[in-house]
Every structure is written in C-alpha cells, then in structure tokens.
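Novice: This structure is in structure tokens; I'll ask about it shortly.
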Amino acid sequence: MDEAPDMIVKQDISLHDLIVSIVNEAKDAKHDFPMRINCNLPEEELMVNGNEDLLRSIFVNLIDNSFAYSGGRDIFIDYLGKEYGAYLFSFSDNGIGVEEDHLPHLFERFYRVDKGRSRKMGGTGLGLSIVKNSVLIHGGHIEVRNRVDGGLEFVFSIHK
C-alpha cells in the first residue's frame, strides 16, 4: 500500500452496503466476549470510488480490535455527515481505552499497547496501521482519542 498506491484498483462502492455487510458478519461470528454493534447510518448509499478490500479492512480491523482488546460491551459506528467532499465516520467502543501516552503510536506498524496480551491474542500490531493507510489511500484522515465515558473513538473520513 505504501509503495504503489496508484496501482490499487478502485471502483464505485456503496459504503452503506459494505458496512452493513461487515456488521452482519461480525454479529454472526463467534467471539469469546460478545459485544453489541450499534450502527447509525443514513439510508443513502454513500457511494465512493474505492478499493473494496481496503475499505473492508478499515471496519473489520476496528471491529476485531474492539472485540479483542476493549473490554467493553458496545461498539458504535456513526455516520457524522459530509465534510470537504468526504464522508465522516466515528467508530468507538465503551471499553477501557488506552493510556494517553500510547495514543500517538497506535497507528505505527507493529506497535502493541500490551505486548503479552497481544501475542496471546495473536495480534501482530499491524491492524491499525492498515486502517490508517487504507483511510489515507481513500483521501481521508484519521484520529484516535479516549472517550470521556471510557473506550476509544476513531474519527475518520473517506473521500467520495
């Protein structure tokens, strides 16, 4: 993704349909710690010209991380509207969050907050790096912060 972003094949994709499909798959999957996925999307298609696999990786990695590490009960996927020709989303959970000093490093390759727990869970520290690069390839930006009420929140955009 880093070396040849112009070689990535893009096509018209409905983000609405893609996200609904991912959420349904996650709800059907067996997890050690079940969480509720609350999805707030508009009825409109939210069409983008993008790569389906990379767009899928954004939501799948965020959901997988929440299931594996958050310790929370709920996941929230919210459409926040349009901004500068891009769709804006919030992805959050109501788990434990992470210590503030880890936040600037979460998107770095191979970075793991809890190295022992990540190895046990099979994590490589690549998921959030893939998320960030997938967002960037789609002309967007991404930020992460701890929620006031607990858990993490990722706010990101995907260019139409």
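Identifiers for the structure tokens are assigned positionally: chains receive A, B, ... in sequence, residues are indexed from 1 per chain, and ligands are indexed from 1 in the order shown.
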I'd like the contact shell of Arg109 in chain A - 10 Å cut-off, only C-alpha atoms, skipping same-chain residues fewer than 5 positions apart - returned as a ChimeraX atom specification.

Specialist: /A:124-130

Novice: Restricting it to all heavy atoms, dump the selection as a compact mmCIF listing (two decimals), in the first residue's frame.

Specialist:
```
# COMPACT_ATOMS: atom_id res chain seq x y z
N THR A 124 -0.52 -8.82 15.68
CA THR A 124 0.80 -8.52 15.12
C THR A 124 1.16 -7.06 15.26
O THR A 124 2.30 -6.67 15.03
CB THR A 124 0.85 -8.86 13.62
OG1 THR A 124 -0.13 -8.05 12.95
CG2 THR A 124 0.58 -10.32 13.37
N GLY A 125 0.19 -6.23 15.60
CA GLY A 125 0.42 -4.80 15.66
C GLY A 125 0.32 -4.12 14.31
O GLY A 125 0.78 -3.00 14.14
N LEU A 126 -0.29 -4.79 13.33
CA LEU A 126 -0.43 -4.21 12.00
C LEU A 126 -1.82 -3.68 11.71
O LEU A 126 -2.01 -2.87 10.81
CB LEU A 126 -0.06 -5.25 10.93
CG LEU A 126 1.41 -5.61 10.84
CD1 LEU A 126 1.62 -6.75 9.87
CD2 LEU A 126 2.22 -4.40 10.44
N GLY A 127 -2.82 -4.10 12.47
CA GLY A 127 -4.22 -3.77 12.15
C GLY A 127 -4.49 -2.29 12.03
O GLY A 127 -5.07 -1.84 11.03
N LEU A 128 -4.07 -1.50 13.00
CA LEU A 128 -4.36 -0.07 12.95
C LEU A 128 -3.48 0.66 11.94
O LEU A 128 -3.89 1.69 11.40
CB LEU A 128 -4.24 0.56 14.33
CG LEU A 128 -5.31 0.12 15.33
CD1 LEU A 128 -5.09 0.77 16.69
CD2 LEU A 128 -6.71 0.42 14.81
N SER A 129 -2.32 0.12 11.63
CA SER A 129 -1.51 0.68 10.56
C SER A 129 -2.21 0.47 9.21
O SER A 129 -2.23 1.37 8.36
CB SER A 129 -0.13 0.02 10.55
OG SER A 129 0.63 0.47 9.46
N ILE A 130 -2.80 -0.70 9.04
CA ILE A 130 -3.57 -0.98 7.82
C ILE A 130 -4.78 -0.05 7.74
O ILE A 130 -5.10 0.48 6.68
CB ILE A 130 -3.99 -2.46 7.78
CG1 ILE A 130 -2.76 -3.34 7.58
CG2 ILE A 130 -5.05 -2.72 6.71
CD1 ILE A 130 -3.00 -4.83 7.78
```

Novice: Env of Arg73 in chain A: 8 Å cut, atoms = only C-alpha atoms, seq-sep filter 2 positions within chain, self excluded. Answer as a PyMOL selection string.

Specialist: chain A and resi 34-36+71+75+93-95

Novice: May I have all residues of chain A that DSSP, computed from the backbone, assigns to strand (DSSP E or B), given as a ChimeraX atom specification?

Specialist: /A:11-14,36-40,47-50,74-83,86-93,142-146,152-159

Novice: Store the residues of this selection in a file with C-alpha atoms, as an mmCIF file, in the first residue's frame.

Specialist:
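out.cif was written with the following content:
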```cif
data_model
loop_
_atom_site.group_PDB
_atom_site.id
_atom_site.type_symbol
_atom_site.label_atom_id
_atom_site.label_comp_id
_atom_site.auth_asym_id
_atom_site.auth_seq_id
_atom_site.Cartn_x
_atom_site.Cartn_y
_atom_site.Cartn_z
ATOM 1 C CA GLN A 11 -14.452 1.038 -8.354
ATOM 2 C CA ASP A 12 -17.784 2.530 -7.290
ATOM 3 C CA ILE A 13 -18.782 1.063 -3.925
ATOM 4 C CA SER A 14 -21.714 1.671 -1.596
ATOM 5 C CA ARG A 36 -23.334 -5.290 20.663
ATOM 6 C CA ILE A 37 -22.676 -3.394 17.437
ATOM 7 C CA ASN A 38 -24.730 -0.220 17.161
ATOM 8 C CA CYS A 39 -24.690 1.133 13.625
ATOM 9 C CA ASN A 40 -26.099 4.567 12.804
ATOM 10 C CA MET A 47 -21.079 5.990 -2.831
ATOM 11 C CA VAL A 48 -17.282 6.188 -3.076
ATOM 12 C CA ASN A 49 -14.733 5.345 -5.709
ATOM 13 C CA GLY A 50 -12.520 2.997 -3.757
ATOM 14 C CA ASP A 74 -20.772 -1.907 22.874
ATOM 15 C CA ILE A 75 -19.348 -0.803 19.553
ATOM 16 C CA PHE A 76 -20.723 2.330 17.899
ATOM 17 C CA ILE A 77 -20.391 3.080 14.188
ATOM 18 C CA ASP A 78 -21.789 6.523 13.412
ATOM 19 C CA TYR A 79 -22.041 8.466 10.195
ATOM 20 C CA LEU A 80 -21.252 12.088 11.038
ATOM 21 C CA GLY A 81 -22.002 13.675 7.660
ATOM 22 C CA LYS A 82 -20.079 15.109 4.730
ATOM 23 C CA GLU A 83 -17.030 17.308 5.025
ATOM 24 C CA ALA A 86 -15.645 13.171 2.098
ATOM 25 C CA TYR A 87 -17.862 11.095 4.354
ATOM 26 C CA LEU A 88 -17.062 11.416 8.051
ATOM 27 C CA PHE A 89 -17.408 8.493 10.478
ATOM 28 C CA SER A 90 -16.941 7.816 14.159
ATOM 29 C CA PHE A 91 -16.061 4.327 15.354
ATOM 30 C CA SER A 92 -15.999 3.870 19.116
ATOM 31 C CA ASP A 93 -16.426 1.412 21.941
ATOM 32 C CA ILE A 142 -7.999 9.531 10.895
ATOM 33 C CA GLU A 143 -7.627 10.490 14.549
ATOM 34 C CA VAL A 144 -7.958 8.499 17.760
ATOM 35 C CA ARG A 145 -8.801 9.626 21.277
ATOM 36 C CA ASN A 146 -10.085 8.242 24.538
ATOM 37 C CA LEU A 152 -11.604 4.627 22.267
ATOM 38 C CA GLU A 153 -13.014 6.714 19.458
ATOM 39 C CA PHE A 154 -11.650 6.791 15.926
ATOM 40 C CA VAL A 155 -12.893 9.659 13.754
ATOM 41 C CA PHE A 156 -12.052 9.316 10.083
ATOM 42 C CA SER A 157 -13.058 10.423 6.634
ATOM 43 C CA ILE A 158 -13.297 8.622 3.324
ATOM 44 C CA HIS A 159 -13.230 10.751 0.192
#
```

Novice: Just the residues within 12 Å of Arg56 in chain A, please, counting only C-alpha atoms, with nothing from its chain fewer than 6 positions along; format it as a list in words.

Specialist: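 My list of contacting residues is Ile13, Ser14, Leu15, His16, Asp17, Leu18, Ile19, Val20, Ser21, Ile22, Val23, Glu25, Gly50, Leu62, Ile63, Asp64, Ile130, Val131, Ser134 and Val135 of chain A.
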
Novice: How far is it from CA of Leu54 in chain A to CA of Tyr69 in chain A, in Å with one decimal?

Specialist: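 Answer for the CA of Leu54 in chain A to CA of Tyr69 in chain A separation: 22.0 Å.
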